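S.K.: Sharing input26.txt (compact mmCIF, C-alpha atoms) below.
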```txt
# COMPACT_ATOMS: atom_id res chain seq x y z
CA VAL O 105 -19.65 28.74 4.82
CA ASN O 106 -18.81 25.07 4.39
CA ALA O 107 -16.28 24.37 1.68
CA ALA O 108 -16.28 20.86 0.30
CA THR O 109 -13.64 19.38 -1.95
CA LEU O 110 -14.99 18.83 -5.46
CA CYS O 111 -13.85 15.36 -6.45
CA ILE O 112 -13.50 14.87 -10.18
CA ALA O 113 -12.15 11.61 -11.56
CA ALA O 114 -8.40 11.85 -12.09
CA ILE O 115 -7.27 11.03 -15.61
CA ALA O 116 -4.61 8.30 -15.47
CA PRO O 117 -1.66 8.27 -15.29
CA TRP O 118 -1.64 9.65 -11.76
CA THR O 119 0.52 9.31 -8.65
CA GLU O 120 -0.17 9.81 -4.93
CA ASN O 121 3.00 10.40 -2.88
CA PHE O 122 1.32 11.60 0.36
CA GLU O 123 3.46 14.75 0.39
CA GLY O 124 0.50 17.14 0.40
CA GLY O 125 0.05 17.17 4.18
CA ALA O 126 -3.62 16.19 4.35
CA PHE O 127 -4.35 12.58 5.26
CA PRO O 128 -6.13 10.92 3.74
CA PRO O 129 -5.35 13.00 0.63
CA PRO O 130 -8.20 14.95 -0.96
CA CYS O 131 -10.87 12.65 -2.42
CA TRP O 132 -9.34 9.59 -0.73
CA ALA O 133 -11.04 7.87 2.21
CA ILE O 134 -10.38 5.61 5.18
CA THR O 135 -13.05 3.17 6.32
CA PRO O 136 -13.78 2.32 9.01
CA THR O 137 -12.15 5.13 10.96
CA THR O 138 -12.12 3.07 14.17
CA PRO O 139 -9.59 1.66 14.75
CA LEU O 140 -7.51 4.39 13.08
CA LEU O 141 -5.10 2.02 11.40
CA TRP O 142 -4.04 4.15 8.41
CA ASN O 143 -2.15 7.36 9.19
CA ASN O 144 0.39 9.75 7.69
CA SER O 145 3.88 8.51 8.52
CA THR O 146 4.86 12.00 9.70
CA GLY O 147 2.81 11.19 12.80
CA LEU O 148 5.43 8.56 13.65
CA ALA O 149 8.67 10.12 12.40
CA ALA O 150 9.95 12.42 9.68
CA GLY O 151 11.46 11.18 6.45
CA ILE O 152 9.68 7.83 6.06
CA SER O 153 9.13 7.91 2.32
CA GLY O 154 9.61 5.60 -0.64
CA TYR O 155 13.29 4.90 -1.27
CA GLY O 156 14.21 7.77 1.04
CA VAL O 157 12.87 10.40 -1.38
CA GLY O 158 10.37 12.81 0.17
CA THR O 159 9.08 13.15 3.71
CA ALA O 160 5.90 11.08 4.02
CA SER O 161 4.05 7.88 3.22
CA ALA O 162 0.90 6.04 4.29
CA TRP O 163 1.50 4.23 7.58
CA ALA O 164 -0.44 1.16 8.70
CA ASP O 165 -0.07 1.14 12.49
CA PHE O 166 0.12 -2.61 13.01
CA TRP O 167 2.34 -2.07 16.05
CA GLY O 168 -0.20 0.11 17.84
CA ILE O 169 -3.47 -1.52 16.72
CA SER O 170 -4.17 -5.09 17.79
CA ALA O 171 -7.68 -5.32 16.32
CA THR O 172 -7.97 -7.57 13.27
CA THR O 173 -10.71 -5.40 11.72
CA PRO O 174 -9.74 -4.76 8.06
CA VAL O 175 -9.26 -1.04 7.41
CA ASP O 176 -9.34 0.34 3.87
CA LEU O 177 -7.34 3.20 2.39
CA ILE O 178 -9.46 4.02 -0.66
CA SER O 179 -8.23 5.97 -3.64
CA LEU O 180 -9.88 8.80 -5.45
CA ASP O 181 -11.99 8.02 -8.52
CA PHE O 182 -9.96 7.79 -11.70
CA ASP O 183 -10.34 7.18 -15.42
CA ALA O 184 -7.87 4.72 -16.94
CA THR O 185 -9.67 4.22 -20.24
CA GLY O 186 -6.93 6.12 -22.07
CA LEU O 187 -4.26 3.62 -21.02
CA ILE O 188 -3.21 0.39 -22.68
CA ASN O 189 -2.66 -2.32 -20.06
CA PRO O 190 -3.13 0.00 -17.06
CA THR O 191 -0.99 -0.97 -14.11
CA LEU O 192 -1.26 -0.22 -10.40
CA LYS O 193 2.19 0.25 -8.87
CA PHE O 194 3.32 1.18 -5.37
CA ASP O 195 6.33 1.20 -3.06
CA TRP O 196 6.22 -0.38 0.38
CA ALA O 197 8.39 -1.22 3.40
CA PHE O 198 7.81 -3.90 6.03
CA ASP O 199 9.78 -6.14 8.39
CA ARG O 200 8.06 -8.99 10.18
CA TYR O 201 7.66 -9.11 13.97
CA PHE O 202 8.39 -12.68 15.11
CA THR O 203 5.60 -14.85 13.62
CA SER O 204 2.98 -12.13 13.20
CA SER O 205 0.77 -12.40 10.12
CA ASP O 206 -0.12 -8.79 9.33
CA GLN O 207 -1.35 -8.50 5.78
CA LEU O 208 -2.03 -6.07 2.99
CA GLN O 209 -4.80 -6.72 0.47
CA ILE O 210 -5.15 -4.75 -2.76
CA HIS O 211 -8.52 -4.46 -4.49
CA TYR O 212 -9.88 -2.62 -7.52
CA SER O 213 -13.40 -1.50 -8.43
CA THR O 214 -15.04 -0.88 -11.78
CA ASP O 215 -18.12 0.79 -10.29
CA ALA O 216 -16.61 3.56 -8.14
CA GLY O 217 -16.43 1.42 -5.02
CA ALA O 218 -19.87 -0.19 -5.02
CA THR O 219 -18.18 -3.59 -5.35
CA TRP O 220 -14.55 -4.72 -5.11
CA VAL O 221 -12.36 -7.40 -6.69
CA LEU O 222 -9.35 -8.77 -4.83
CA LEU O 223 -6.24 -8.12 -6.90
CA ALA O 224 -3.41 -9.28 -4.61
CA ARG O 225 -2.48 -10.22 -1.05
CA GLY O 226 0.77 -9.71 0.78
CA TYR O 227 1.78 -11.81 3.80
CA PRO O 228 5.01 -11.75 5.84
CA ASP O 229 6.29 -15.11 4.68
CA SER O 230 7.77 -16.77 1.62
CA SER O 231 5.80 -20.01 1.77
CA GLY O 232 3.38 -19.14 -0.99
CA THR O 233 0.54 -18.33 1.39
CA GLY O 234 0.00 -14.98 -0.30
CA LEU O 235 0.46 -13.63 -3.78
CA PHE O 236 3.55 -11.73 -2.71
CA ASN O 237 5.89 -11.66 0.26
CA LEU O 238 5.17 -8.57 2.32
CA ILE O 239 8.66 -8.46 3.86
CA THR O 240 10.94 -5.99 2.09
CA VAL O 241 13.93 -6.25 4.41
CA ASP O 242 14.68 -8.76 7.15
CA ASN O 243 16.69 -6.92 9.75
CA GLY O 244 15.71 -9.27 12.53
CA ILE O 245 13.93 -6.33 14.09
CA THR O 246 11.70 -7.54 16.90
CA SER O 247 10.34 -4.12 17.81
CA GLU O 248 8.43 -1.65 15.72
CA TYR O 249 9.99 0.37 12.98
CA GLY O 250 10.84 3.27 15.25
CA SER O 251 13.60 5.84 15.78
CA ALA O 252 16.72 4.55 14.00
CA GLU O 253 14.81 1.50 12.82
CA ASN O 254 12.37 3.40 10.63
CA PRO O 255 12.59 2.52 6.92
CA VAL O 256 14.35 5.68 5.81
CA LEU O 257 16.91 4.02 3.55
CA ALA O 258 16.35 3.20 -0.10
CA THR O 259 17.30 -0.42 0.64
CA ASP O 260 14.31 -0.74 3.01
CA TRP O 261 11.83 -0.34 0.16
CA ASN O 262 10.55 -2.33 -2.78
CA THR O 263 8.13 -1.78 -5.66
CA ILE O 264 5.52 -4.05 -7.20
CA GLY O 265 2.94 -3.67 -9.93
CA PHE O 266 -0.28 -5.41 -10.91
CA GLY O 267 -2.27 -5.16 -14.10
CA ILE O 268 -5.80 -3.83 -13.67
CA PRO O 269 -8.74 -3.72 -16.12
CA THR O 270 -9.10 -0.66 -18.30
CA GLY O 271 -12.49 -0.12 -16.67
CA ALA O 272 -11.07 0.00 -13.14
CA ASN O 273 -11.84 3.38 -11.58
CA LYS O 274 -10.89 2.98 -7.93
CA VAL O 275 -8.38 0.98 -5.85
CA LYS O 276 -8.08 0.29 -2.16
CA PHE O 277 -5.38 -0.93 0.20
CA THR O 278 -6.78 -3.03 3.02
CA ALA O 279 -4.59 -3.40 6.11
CA VAL O 280 -5.27 -6.27 8.53
CA SER O 281 -3.31 -6.09 11.76
CA ASP O 282 -1.85 -9.03 13.63
CA TYR O 283 -0.13 -6.67 16.10
CA GLY O 284 3.18 -6.82 14.28
CA ASN O 285 5.56 -4.25 12.84
CA ASN O 286 4.37 -1.16 11.02
CA LEU O 287 3.79 -1.14 7.27
CA PHE O 288 4.44 1.82 4.99
CA VAL O 289 3.06 2.38 1.46
CA ASP O 290 4.08 5.19 -0.87
CA ASN O 291 3.99 6.43 -4.46
CA ILE O 292 0.75 4.72 -5.40
CA LYS O 293 0.21 5.18 -9.12
CA VAL O 294 -1.87 4.02 -12.04
CA ILE O 295 0.24 4.12 -15.18
CA GLN O 296 0.78 2.63 -18.60
CA PRO O 297 3.98 0.58 -18.47
CA LEU O 298 6.59 1.00 -21.16
CA GLY O 299 6.45 -1.52 -23.96
CA ASN O 300 9.55 -3.33 -22.68
CA ASP O 301 8.82 -2.80 -18.99
CA VAL O 302 8.92 -6.06 -17.09
CA GLY O 303 8.18 -4.27 -13.84
CA THR O 304 10.17 -3.75 -10.69
CA VAL O 305 10.03 -6.31 -7.94
CA SER O 306 13.19 -6.31 -5.87
CA VAL O 307 12.19 -8.95 -3.36
CA ASP O 308 12.00 -12.71 -3.66
CA VAL O 309 8.26 -12.94 -4.15
CA ALA O 310 6.11 -15.90 -3.23
CA SER O 311 6.07 -18.80 -5.66
CA SER O 312 2.48 -18.35 -6.86
CA ILE O 313 1.85 -14.97 -8.44
CA GLY O 314 -1.31 -14.58 -10.41
CA ALA O 315 -1.66 -13.47 -13.99
CA GLY O 316 -1.37 -9.74 -14.49
CA VAL O 317 1.41 -9.24 -11.97
CA ILE O 318 4.50 -7.48 -13.25
```
Let me see whether you can do it: turn the structure in this file into structure tokens.

M.R.:
Amino acid sequence: VNAATLCIAAIAPWTENFEGGAFPPPCWAITPTTPLLWNNSTGLAAGISGYGVGTASAWADFWGISATTPVDLISLDFDATGLINPTLKFDWAFDRYFTSSDQLQIHYSTDAGATWVLLARGYPDSSGTGLFNLITVDNGITSEYGSAENPVLATDWNTIGFGIPTGANKVKFTAVSDYGNNLFVDNIKVIQPLGNDVGTVSVDVASSIGAGVI
């Protein structure tokens, strides 16, 4: 008997912390699957998780994959119509390898993934090339995040949030490798920010951040 996961739209607010073991999580998807750029961080080392809390995160294997083919980590369907000013937030960790230009693109969809709108880009520089600086900590590491160099400390991580339309019902994280250091993403959530919440961005972000970023 084949048992398929019944995917029902999650009612926001929701959070994905990648602690469930399965990767991608139920009702999430990775496309294309070759090269296999997105993985569970437990396949690299234990304890790589947002701010050092938990055991796992989503790992973009920039160090092991040289292909520049964009690979999407696509969320489950969700319903954010009950939120005022819905916001996509996530934690991430990244340290640049020399002059590599690995990037992370964030998109949302209002038609369950039939079409996508670019929400933000992250690049490993502070020159304003992207909407936010992908580097969370500059340790001068010229090898991959590996062994003692994995981002297991709270100080290795940062958080950013972006406003999304109330009608958004899917998001995706697109990793584009330039054969640099690994990237880790955790605690992806769609929430309604508090009335006085100005957001949490603990890096010096690029100079040009679009409207809707908190």

S.K.: Which residues come within 9 Å of segment 209-213 of chain O, counting all atoms listed in the file, excluding same-chain residues fewer than 6 positions away, as a count of residues only?

M.R.: 21

S.K.: Which of these residues is nearest to Val157 of chain O, using only C-alpha atoms: O:Asn144, O:Thr270, O:Asn262, O:Asn121?

M.R.: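 Of the candidates, the smallest distance to Val157 of chain O is held by O:Asn121.
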
S.K.: Leaving out Ala133 of chain O and any residue of its chain fewer than 3 positions from it, which residues lie within 6 Å of it when counting only C-alpha atoms, given as a list in words?

M.R.: Pro128, Leu177 and Ile178 of chain O

S.K.: Selection from above, C-alpha atoms, as a CSV table (one decimal), in the frame of the given file, can you write it?

M.R.:
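out-v1.csv was written with the following content:
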```csv
chain,number,residue,atom,x,y,z
O,128,PRO,CA,-6.1,10.9,3.7
O,177,LEU,CA,-7.3,3.2,2.4
O,178,ILE,CA,-9.5,4.0,-0.7
```

S.K.: What's the separation between atom CA of Ile295 of chain O and atom CA of Thr146 of chain O, in Å to one decimal place?

M.R.: 26.5 Å

S.K.: Residues near Ile292 of chain O, anyone? I mean within 8 Å using all atoms listed in the file, not counting same-chain ones fewer than 6 positions away, as a list in words.

M.R.: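 Counting all atoms listed in the file, the residues come to Thr119, Glu120, Asn121, Leu192, Lys193, Phe194 and Asp195 of chain O.
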
S.K.: Return the single residue from O:Gly154, O:Pro129, O:Pro174, O:Pro136 that is closest to Thr259 of chain O, with distances computed using all atoms listed in the file.

M.R.: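 The shortest atom-to-atom distance to Thr259 of chain O comes from O:Gly154.
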
S.K.: Given only C-alpha atoms as the basis, pick out the residue of O:Cys131, O:Val175, O:Ala184, O:Ile239 nearest to Tyr201 of chain O.

M.R.: O:Ile239

S.K.: Using all atoms listed in the file, can you tell me which of O:Gly151, O:Gly217, O:Gly186, O:Gly168 comes closest to Asp290 of chain O?

M.R.: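 Closest to Asp290 of chain O of all the choices is O:Gly151.
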
S.K.: Using only C-alpha atoms, which residue out of O:Thr240, O:Thr214, O:Asn254, O:Asn291 lies closest to Arg200 of chain O?

M.R.: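 For Arg200 of chain O, the nearest of the candidates is O:Thr240.
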
S.K.: Restricting the calculation to only C-alpha atoms: of O:Ala197, O:Val294, O:Leu141, O:Ile188, which residue gets closest to Tyr155 of chain O?

M.R.: O:Ala197

S.K.: Can you list, as a list in words, every protein, DNA or RNA residue that comes within 7 Å of Val241 of chain O when you count all atoms listed in the file, leaving out same-chain residues fewer than 2 positions away?

M.R.: Phe198, Asp199, Ile239, Asn243 and Asp260 of chain O

S.K.: Could you save those same residues with C-alpha atoms as a compact mmCIF listing (two decimals), in the frame of the given file?

M.R.:
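Here's the written file out.txt:
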```
# COMPACT_ATOMS: atom_id res chain seq x y z
CA PHE O 198 7.81 -3.90 6.03
CA ASP O 199 9.78 -6.14 8.39
CA ILE O 239 8.66 -8.46 3.86
CA ASN O 243 16.69 -6.92 9.75
CA ASP O 260 14.31 -0.74 3.01
```

S.K.: Taking (5.6, -5.9, 13.8) in the file's coordinates, which residues come within 12 Å, counting all atoms listed in the file, written as a PDB file with C-alpha atoms, keeping the file's coordinate frame?

M.R.:
```
ATOM      1  CA  ALA O 164      -0.440   1.160   8.700  1.00  0.00           C
ATOM      2  CA  ASP O 165      -0.070   1.140  12.490  1.00  0.00           C
ATOM      3  CA  PHE O 166       0.120  -2.610  13.010  1.00  0.00           C
ATOM      4  CA  TRP O 167       2.340  -2.070  16.050  1.00  0.00           C
ATOM      5  CA  GLY O 168      -0.200   0.110  17.840  1.00  0.00           C
ATOM      6  CA  ILE O 169      -3.470  -1.520  16.720  1.00  0.00           C
ATOM      7  CA  SER O 170      -4.170  -5.090  17.790  1.00  0.00           C
ATOM      8  CA  ALA O 197       8.390  -1.220   3.400  1.00  0.00           C
ATOM      9  CA  PHE O 198       7.810  -3.900   6.030  1.00  0.00           C
ATOM     10  CA  ASP O 199       9.780  -6.140   8.390  1.00  0.00           C
ATOM     11  CA  ARG O 200       8.060  -8.990  10.180  1.00  0.00           C
ATOM     12  CA  TYR O 201       7.660  -9.110  13.970  1.00  0.00           C
ATOM     13  CA  PHE O 202       8.390 -12.680  15.110  1.00  0.00           C
ATOM     14  CA  THR O 203       5.600 -14.850  13.620  1.00  0.00           C
ATOM     15  CA  SER O 204       2.980 -12.130  13.200  1.00  0.00           C
ATOM     16  CA  SER O 205       0.770 -12.400  10.120  1.00  0.00           C
ATOM     17  CA  ASP O 206      -0.120  -8.790   9.330  1.00  0.00           C
ATOM     18  CA  GLN O 207      -1.350  -8.500   5.780  1.00  0.00           C
ATOM     19  CA  PRO O 228       5.010 -11.750   5.840  1.00  0.00           C
ATOM     20  CA  LEU O 238       5.170  -8.570   2.320  1.00  0.00           C
ATOM     21  CA  ILE O 239       8.660  -8.460   3.860  1.00  0.00           C
ATOM     22  CA  ASP O 242      14.680  -8.760   7.150  1.00  0.00           C
ATOM     23  CA  ASN O 243      16.690  -6.920   9.750  1.00  0.00           C
ATOM     24  CA  GLY O 244      15.710  -9.270  12.530  1.00  0.00           C
ATOM     25  CA  ILE O 245      13.930  -6.330  14.090  1.00  0.00           C
ATOM     26  CA  THR O 246      11.700  -7.540  16.900  1.00  0.00           C
ATOM     27  CA  SER O 247      10.340  -4.120  17.810  1.00  0.00           C
ATOM     28  CA  GLU O 248       8.430  -1.650  15.720  1.00  0.00           C
ATOM     29  CA  TYR O 249       9.990   0.370  12.980  1.00  0.00           C
ATOM     30  CA  GLY O 250      10.840   3.270  15.250  1.00  0.00           C
ATOM     31  CA  GLU O 253      14.810   1.500  12.820  1.00  0.00           C
ATOM     32  CA  ASN O 254      12.370   3.400  10.630  1.00  0.00           C
ATOM     33  CA  SER O 281      -3.310  -6.090  11.760  1.00  0.00           C
ATOM     34  CA  ASP O 282      -1.850  -9.030  13.630  1.00  0.00           C
ATOM     35  CA  TYR O 283      -0.130  -6.670  16.100  1.00  0.00           C
ATOM     36  CA  GLY O 284       3.180  -6.820  14.280  1.00  0.00           C
ATOM     37  CA  ASN O 285       5.560  -4.250  12.840  1.00  0.00           C
ATOM     38  CA  ASN O 286       4.370  -1.160  11.020  1.00  0.00           C
ATOM     39  CA  LEU O 287       3.790  -1.140   7.270  1.00  0.00           C
ATOM     40  CA  PHE O 288       4.440   1.820   4.990  1.00  0.00           C
TER      41      PHE O 288
END
```
